>>> print(open('protein_17.txt').read())   # compact mmCIF, C-alpha atoms and all ligand atoms
# COMPACT_ATOMS: atom_id res chain seq x y z
CA MET A 1040 2.22 12.70 2.36
CA ASN A 1041 2.58 12.23 6.12
CA THR A 1042 1.41 9.13 7.94
CA SER A 1043 -1.98 10.47 9.03
CA THR A 1044 -2.72 11.75 5.49
CA ASP A 1045 -1.75 8.30 4.21
CA ARG A 1046 -4.07 6.67 6.72
CA ASN A 1047 -6.95 8.99 5.77
CA PHE A 1048 -6.39 8.31 2.10
CA GLU A 1049 -6.28 4.55 2.65
CA ARG A 1050 -9.53 4.84 4.62
CA GLU A 1051 -11.16 6.67 1.67
CA VAL A 1052 -9.86 4.02 -0.75
CA TRP A 1053 -11.44 1.37 1.44
CA ARG A 1054 -14.76 3.29 1.74
CA ALA A 1055 -15.04 3.07 -2.05
CA VAL A 1056 -14.41 -0.69 -2.04
CA ARG A 1057 -16.36 -1.71 1.09
CA PRO A 1058 -19.86 -1.61 -0.49
CA TYR A 1059 -18.97 -4.42 -2.90
CA ASN A 1060 -20.11 -7.32 -0.75
CA VAL A 1061 -22.16 -10.29 -1.93
CA GLY A 1062 -25.49 -8.56 -1.15
CA ILE A 1063 -24.70 -5.49 -3.27
CA LEU A 1064 -23.08 -7.53 -6.03
CA SER A 1065 -26.23 -9.61 -6.41
CA LEU A 1066 -28.24 -6.41 -7.09
CA TYR A 1067 -25.55 -4.55 -9.04
CA ASP A 1068 -26.28 -5.58 -12.63
CA VAL A 1069 -30.01 -4.94 -12.46
CA GLY A 1070 -29.54 -1.75 -10.42
CA VAL A 1071 -26.75 -0.15 -12.44
CA TYR A 1072 -27.29 -1.47 -15.95
CA GLY A 1073 -31.07 -1.87 -15.75
CA ILE A 1074 -32.20 1.13 -13.71
CA TRP A 1075 -29.53 3.71 -12.86
CA ASN A 1076 -27.86 4.15 -16.23
CA PRO A 1077 -31.05 4.91 -18.17
CA GLY A 1078 -33.04 6.39 -15.28
CA ILE A 1079 -30.55 8.48 -13.29
CA TRP A 1080 -27.37 9.01 -15.31
CA GLN A 1081 -29.25 9.16 -18.63
CA CYS A 1082 -26.68 7.05 -20.39
CA PRO A 1083 -28.18 3.93 -22.03
CA SER A 1084 -26.31 0.79 -20.97
CA GLN A 1085 -26.24 -0.15 -24.65
CA SER A 1086 -23.91 2.82 -25.34
CA ILE A 1087 -21.45 1.51 -22.74
CA LYS A 1088 -21.64 -2.01 -24.15
CA ASP A 1089 -21.15 -0.82 -27.75
CA PHE A 1090 -18.17 1.26 -26.62
CA TYR A 1091 -16.68 -1.77 -24.84
CA ARG A 1092 -17.08 -4.04 -27.87
CA ARG A 1093 -15.35 -1.46 -30.03
CA HIS A 1094 -12.23 -1.30 -27.86
CA VAL A 1095 -11.68 -4.67 -26.18
CA ARG A 1096 -8.76 -6.74 -27.54
CA ASP A 1097 -7.51 -10.30 -27.12
CA VAL A 1098 -5.11 -9.78 -24.22
CA HIS A 1099 -7.29 -7.86 -21.83
CA LEU A 1100 -7.26 -6.58 -18.25
CA GLU A 1101 -10.56 -5.74 -16.56
CA ALA A 1102 -9.55 -3.25 -13.84
CA GLY A 1103 -12.11 -2.84 -11.03
CA CYS A 1104 -14.03 -5.76 -12.51
CA GLY A 1105 -17.01 -5.70 -10.11
CA THR A 1106 -19.49 -8.40 -11.17
CA GLY A 1107 -17.79 -8.89 -14.55
CA TYR A 1108 -20.95 -7.68 -16.30
CA LEU A 1109 -19.24 -6.04 -19.29
CA PRO A 1110 -16.88 -8.87 -20.28
CA ALA A 1111 -19.73 -11.36 -19.74
CA HIS A 1112 -21.99 -9.40 -22.09
CA CYS A 1113 -19.54 -7.98 -24.59
CA ILE A 1114 -16.81 -10.54 -25.23
CA PRO A 1115 -18.34 -13.07 -27.63
CA GLY A 1116 -19.07 -16.37 -25.93
CA ALA A 1117 -17.66 -15.11 -22.63
CA THR A 1118 -19.73 -17.41 -20.48
CA GLN A 1119 -19.72 -20.55 -22.63
CA ARG A 1120 -16.58 -20.67 -24.73
CA SER A 1121 -14.10 -23.49 -24.12
CA SER A 1122 -10.84 -22.46 -22.55
CA HIS A 1123 -8.58 -23.43 -25.49
CA GLU A 1124 -10.13 -20.78 -27.72
CA ALA A 1125 -10.44 -18.12 -25.01
CA PRO A 1126 -8.48 -14.90 -25.26
CA SER A 1127 -6.37 -13.96 -22.29
CA LEU A 1128 -8.40 -12.27 -19.55
CA THR A 1129 -7.13 -10.86 -16.26
CA LEU A 1130 -9.50 -9.58 -13.57
CA LEU A 1131 -8.34 -7.03 -11.00
CA ASP A 1132 -10.20 -5.68 -7.99
CA TYR A 1133 -9.42 -4.56 -4.44
CA SER A 1134 -12.65 -6.12 -3.20
CA PRO A 1135 -12.17 -9.88 -2.63
CA SER A 1136 -15.92 -10.39 -3.15
CA SER A 1137 -15.92 -8.66 -6.56
CA LEU A 1138 -12.96 -10.73 -7.64
CA LYS A 1139 -14.55 -13.98 -6.54
CA TRP A 1140 -17.91 -13.09 -8.13
CA SER A 1141 -16.50 -12.17 -11.54
CA ALA A 1142 -14.01 -15.06 -11.52
CA ARG A 1143 -16.89 -17.50 -11.08
CA ARG A 1144 -18.98 -15.81 -13.75
CA LEU A 1145 -16.13 -15.76 -16.28
CA ARG A 1146 -14.58 -19.10 -15.29
CA SER A 1147 -14.64 -20.46 -18.84
CA TYR A 1148 -11.87 -17.95 -19.60
CA GLN A 1149 -9.75 -19.31 -16.77
CA PRO A 1150 -9.00 -15.68 -15.93
CA ALA A 1151 -5.89 -14.64 -14.02
CA LEU A 1152 -6.85 -12.85 -10.79
CA LEU A 1153 -5.22 -9.83 -9.18
CA HIS A 1154 -6.32 -8.68 -5.74
CA HIS A 1155 -4.82 -5.22 -5.97
CA ASN A 1156 -5.27 -1.55 -5.05
CA LEU A 1157 -5.06 0.51 -8.26
CA PHE A 1158 -3.19 3.30 -6.47
CA LEU A 1159 -0.18 0.97 -6.22
CA PRO A 1160 2.02 -0.14 -9.16
CA LEU A 1161 0.83 -3.42 -10.64
CA PRO A 1162 3.09 -6.46 -10.34
CA PRO A 1163 5.29 -6.94 -13.43
CA VAL A 1164 3.56 -8.88 -16.24
CA THR A 1165 5.16 -11.35 -18.64
CA ARG A 1166 2.60 -10.48 -21.34
CA PRO A 1167 1.56 -6.79 -21.43
CA PHE A 1168 -2.13 -6.07 -22.05
CA GLU A 1169 -3.45 -4.97 -25.45
CA SER A 1170 -6.49 -3.40 -23.79
CA ILE A 1171 -7.47 -2.34 -20.29
CA CYS A 1172 -11.01 -1.46 -19.30
CA LEU A 1173 -11.51 0.92 -16.35
CA ASN A 1174 -15.28 1.17 -16.28
CA TYR A 1175 -17.15 3.01 -13.52
CA VAL A 1176 -14.06 2.99 -11.33
CA LEU A 1177 -12.60 6.52 -11.60
CA HIS A 1178 -15.65 8.09 -9.94
CA CYS A 1179 -15.19 5.73 -6.96
CA LEU A 1180 -11.52 6.54 -6.40
CA PRO A 1181 -10.69 9.18 -3.79
CA GLY A 1182 -9.04 12.47 -4.67
CA SER A 1183 -9.11 14.89 -7.58
CA PHE A 1184 -8.26 13.81 -11.13
CA GLU A 1185 -4.71 15.02 -10.39
CA GLN A 1186 -4.52 12.43 -7.58
CA LYS A 1187 -6.25 9.74 -9.67
CA GLN A 1188 -3.59 10.25 -12.32
CA VAL A 1189 -1.31 7.80 -10.55
CA VAL A 1190 -3.86 5.07 -11.33
CA ILE A 1191 -3.71 5.86 -15.05
CA GLY A 1192 0.12 5.74 -14.88
CA ASN A 1193 0.05 2.39 -13.07
CA LEU A 1194 -2.22 0.91 -15.74
CA LYS A 1195 -0.24 2.37 -18.62
CA ALA A 1196 2.87 0.63 -17.26
CA VAL A 1197 1.32 -2.78 -18.06
CA LEU A 1198 -0.06 -1.90 -21.54
CA THR A 1199 1.67 -2.81 -24.81
CA PRO A 1200 3.15 0.30 -26.54
CA GLY A 1201 0.09 0.54 -28.85
CA GLY A 1202 -2.36 -0.66 -26.21
CA ILE A 1203 -5.61 1.08 -25.33
CA LEU A 1204 -7.11 2.16 -22.00
CA PHE A 1205 -10.85 2.69 -22.15
CA GLY A 1206 -13.96 2.85 -20.02
CA SER A 1207 -16.44 5.27 -18.58
CA THR A 1208 -16.90 7.35 -15.47
CA ILE A 1209 -19.73 9.34 -13.90
CA LEU A 1210 -18.93 13.05 -13.83
CA GLY A 1211 -19.60 15.45 -10.96
CA GLN A 1212 -22.24 18.06 -10.21
CA ALA A 1213 -21.38 20.37 -13.13
CA SER A 1214 -22.35 17.64 -15.62
CA ALA A 1215 -25.25 16.11 -13.69
CA SER A 1216 -28.15 15.07 -15.92
CA GLY A 1217 -31.05 16.43 -13.85
CA TRP A 1218 -32.10 16.73 -10.22
CA ARG A 1219 -32.14 12.99 -9.53
CA ALA A 1220 -28.54 12.72 -10.66
CA ARG A 1221 -27.57 15.70 -8.46
CA ARG A 1222 -29.24 14.17 -5.39
CA MET A 1223 -27.59 10.80 -5.98
CA LEU A 1224 -24.18 12.41 -6.46
CA ASP A 1225 -24.61 14.22 -3.12
CA LEU A 1226 -25.63 11.03 -1.36
CA PHE A 1227 -22.91 8.79 -2.82
CA ASN A 1228 -20.20 11.38 -2.16
CA LEU A 1229 -21.45 11.75 1.42
CA ILE A 1230 -21.30 8.03 2.15
CA GLY A 1231 -17.94 7.72 0.36
CA SER A 1232 -18.84 5.27 -2.40
CA PHE A 1233 -18.25 8.04 -4.98
CA HIS A 1234 -15.51 10.67 -4.94
CA ASN A 1235 -16.43 12.68 -8.00
CA ALA A 1236 -18.22 15.86 -6.88
CA THR A 1237 -15.85 18.08 -8.86
CA ASP A 1238 -14.94 15.69 -11.71
CA THR A 1239 -15.33 17.28 -15.15
CA GLU A 1240 -14.77 16.14 -18.72
CA ALA A 1241 -11.94 18.69 -19.06
CA GLY A 1242 -10.24 17.26 -15.96
CA LEU A 1243 -10.57 13.73 -17.31
CA ARG A 1244 -9.10 14.74 -20.67
CA ARG A 1245 -6.18 16.51 -18.95
CA THR A 1246 -5.46 13.48 -16.79
CA LEU A 1247 -5.50 11.03 -19.70
CA SER A 1248 -3.47 13.39 -21.90
CA THR A 1249 -0.69 13.44 -19.31
CA HIS A 1250 -0.06 9.78 -20.12
CA PHE A 1251 -1.33 9.25 -23.67
CA ALA A 1252 -0.82 10.93 -27.05
CA HIS A 1253 -4.38 10.27 -28.25
CA VAL A 1254 -7.45 10.80 -26.06
CA ARG A 1255 -11.15 10.73 -26.88
CA CYS A 1256 -14.01 11.55 -24.48
CA THR A 1257 -17.72 11.55 -25.27
CA VAL A 1258 -20.26 12.66 -22.69
CA VAL A 1259 -23.67 10.95 -22.63
CA GLY A 1260 -25.91 12.20 -19.84
CA SER A 1261 -23.76 12.29 -16.68
CA VAL A 1262 -21.29 9.76 -18.05
CA ALA A 1263 -18.00 10.31 -19.88
CA LEU A 1264 -16.91 7.46 -22.16
CA PHE A 1265 -13.17 7.64 -22.74
CA ALA A 1266 -10.42 5.93 -24.71
CA ALA A 1267 -6.70 6.68 -24.65
CA SER A 1268 -3.68 5.28 -26.45
CA ASP A 1269 -0.32 6.26 -27.89
CA GLN A 1270 -1.57 5.02 -31.28
CA PRO A 1271 -4.38 6.75 -33.20
CA LEU A 1272 -7.71 5.56 -31.78
CA PRO A 1273 -10.10 3.27 -33.68
C1 LIG B 1301 -18.78 0.67 -9.59
S1 LIG B 1301 -17.90 -0.85 -9.61
C2 LIG B 1301 -17.58 -1.06 -11.35
C3 LIG B 1301 -17.63 -2.50 -11.77
C4 LIG B 1301 -17.46 -2.75 -13.27
N1 LIG B 1301 -16.20 -2.24 -13.78
C5 LIG B 1301 -18.63 -2.18 -14.05
O1 LIG B 1301 -18.41 -1.21 -14.81
O2 LIG B 1301 -19.73 -2.68 -13.95
C6 LIG B 1301 -16.30 -0.38 -9.01
C7 LIG B 1301 -15.36 -1.55 -8.75
O3 LIG B 1301 -14.05 -1.00 -8.56
C8 LIG B 1301 -13.45 -1.59 -7.42
N2 LIG B 1301 -12.50 -0.62 -6.83
C9 LIG B 1301 -12.78 0.55 -6.20
N3 LIG B 1301 -11.65 1.14 -5.79
C10 LIG B 1301 -10.61 0.32 -6.16
C11 LIG B 1301 -9.19 0.39 -6.02
N4 LIG B 1301 -8.60 1.40 -5.38
N5 LIG B 1301 -8.44 -0.60 -6.55
C12 LIG B 1301 -9.04 -1.65 -7.20
N6 LIG B 1301 -10.37 -1.78 -7.34
C13 LIG B 1301 -11.16 -0.80 -6.84
C14 LIG B 1301 -14.63 -1.92 -6.50
O4 LIG B 1301 -14.29 -2.92 -5.56
C15 LIG B 1301 -15.70 -2.35 -7.49
O5 LIG B 1301 -15.65 -3.74 -7.75
>>> encode(input="protein_17.txt", output="structure tokens")
Amino acid sequence: MNTSTDRNFEREVWRAVRPYNVGILSLYDVGVYGIWNPGIWQCPSQSIKDFYRRHVRDVHLEAGCGTGYLPAHCIPGATQRSSHEAPSLTLLDYSPSSLKWSARRLRSYQPALLHHNLFLPLPPVTRPFESICLNYVLHCLPGSFEQKQVVIGNLKAVLTPGGILFGSTILGQASASGWRARRMLDLFNLIGSFHNATDTEAGLRRTLSTHFAHVRCTVVGSVALFAASDQPLP
């Protein structure tokens, strides 16, 4: 890539992160998990939570953590357990506000914090992660699935050999669950908070299969729930 392409790409990366300020974060949980998932994307939030509970492990990285809604709701005792019995949790986000918000919410875990752009290799870790959740992040990231592949590679580099990458992503127009979903996809792609107009389940599978031996994708409404590992999946 030349310098101006790099600059354009960095601008698109930032357009996807910029909305996550304190105002939006304070509305996010109700908006996304209470209204948008059931009403627009036709994927019950319960399906995403059940999927999370099934895959999260003790040494966990929450990549693109946002408000920390899923760990707060799905890791038992996440908001009240005492630190000595807490599993190891690391929160990563490129938005300083998201990181601060989720760190406060999940403080009883004493989480490690990484202010980091997922398109860049992660800093070396002393203890690789047993699970990494990448929920509702892929549809924000600029580029095609081929370009987003670098993010999957960067995350795989910090997983244990049998570790699991899982999460969900909103697919593009071809999978849209009704006219409301199509309108919202148009709008969010126009303003740059989503970059998923052409994302398909097949593209997602291909991208994950480039890095992992075992891949599973299930589409519910407009949303693909995915898990990938080099070990057979649970
Ligand atoms: C739609 S929110 C998802 C939050 C949470 N994972 C959830 O499922 O509720 C996307 C999050 O990914 C972060 N993000 C977007 N692009 C990123 C990038 N290139 N590197 C790291 N984080 C990014 C945003 O700042 C935001 O907090």
>>> residues_around(input="protein_17.txt", residues="segment 1254-1265 of chain A", least_positions_apart="4", cutoff="8 Å", atoms="all atoms listed in the file", output="list in words")
Trp1080, Gln1081, Cys1082, Ile1087, Phe1090, Phe1205, Gly1206, Ser1207, Thr1208, Ile1209, Leu1210, Gly1211, Ser1214, Ala1215, Ser1216, Ala1220, Glu1240, Arg1244, Leu1247, Ser1248 and Leu1272 of chain A
>>> closest_residue(input="protein_17.txt", among="A:Arg1222, A:His1178, A:Arg1050, A:His1253", to="Thr1237 of chain A", atoms="only C-alpha atoms")
A:His1178
>>> atom_distance(input="protein_17.txt", atom1="atom CA of Arg1219 of chain A", atom2="atom CA of Val1071 of chain A")
14.5 Å
>>> residues_near_ligand(input="protein_17.txt", ligand="ligand LIG 1301 (chain B)", cutoff="6 Å", atoms="all atoms listed in the file", output="PDB file with C-alpha atoms, in the frame of the given file")
ATOM      1  CA  VAL A1052      -9.860   4.020  -0.750  1.00  0.00           C
ATOM      2  CA  ALA A1055     -15.040   3.070  -2.050  1.00  0.00           C
ATOM      3  CA  VAL A1056     -14.410  -0.690  -2.040  1.00  0.00           C
ATOM      4  CA  TYR A1059     -18.970  -4.420  -2.900  1.00  0.00           C
ATOM      5  CA  GLY A1103     -12.110  -2.840 -11.030  1.00  0.00           C
ATOM      6  CA  CYS A1104     -14.030  -5.760 -12.510  1.00  0.00           C
ATOM      7  CA  GLY A1105     -17.010  -5.700 -10.110  1.00  0.00           C
ATOM      8  CA  TYR A1108     -20.950  -7.680 -16.300  1.00  0.00           C
ATOM      9  CA  ASP A1132     -10.200  -5.680  -7.990  1.00  0.00           C
ATOM     10  CA  TYR A1133      -9.420  -4.560  -4.440  1.00  0.00           C
ATOM     11  CA  SER A1134     -12.650  -6.120  -3.200  1.00  0.00           C
ATOM     12  CA  SER A1137     -15.920  -8.660  -6.560  1.00  0.00           C
ATOM     13  CA  HIS A1155      -4.820  -5.220  -5.970  1.00  0.00           C
ATOM     14  CA  ASN A1156      -5.270  -1.550  -5.050  1.00  0.00           C
ATOM     15  CA  LEU A1157      -5.060   0.510  -8.260  1.00  0.00           C
ATOM     16  CA  PHE A1158      -3.190   3.300  -6.470  1.00  0.00           C
ATOM     17  CA  ASN A1174     -15.280   1.170 -16.280  1.00  0.00           C
ATOM     18  CA  TYR A1175     -17.150   3.010 -13.520  1.00  0.00           C
ATOM     19  CA  VAL A1176     -14.060   2.990 -11.330  1.00  0.00           C
ATOM     20  CA  CYS A1179     -15.190   5.730  -6.960  1.00  0.00           C
ATOM     21  CA  LEU A1180     -11.520   6.540  -6.400  1.00  0.00           C
TER      22      LEU A1180
END
>>> closest_atom_pairs(input="protein_17.txt", of="segment 1160-1247 of chain A", to="segment 1091-1099 of chain A", cutoff="9 Å", atoms="all atoms listed in the file", output="tab-separated table")
residue	atom	partner	partner_atom	distance
A:Arg1166	CA	A:Val1098	CA	8.3
A:Pro1167	CA	A:Val1098	CA	7.8
A:Phe1168	CA	A:Val1098	CA	5.2
A:Glu1169	CA	A:Val1098	CA	5.2
A:Ser1170	CA	A:His1099	CA	4.9
A:Ile1171	CA	A:His1099	CA	5.7
A:Cys1172	CA	A:Val1095	CA	7.6
A:Gly1202	CA	A:Arg1096	CA	8.9
A:Ile1203	CA	A:His1094	CA	7.5
A:Leu1204	CA	A:His1094	CA	8.5
A:Phe1205	CA	A:His1094	CA	7.1
A:Gly1206	CA	A:Tyr1091	CA	7.2
>>> closest_residue(input="protein_17.txt", among="A:Pro1181, A:Ala1267, A:Ser1086, A:Glu1101", to="Phe1233 of chain A", atoms="all atoms listed in the file")
A:Pro1181
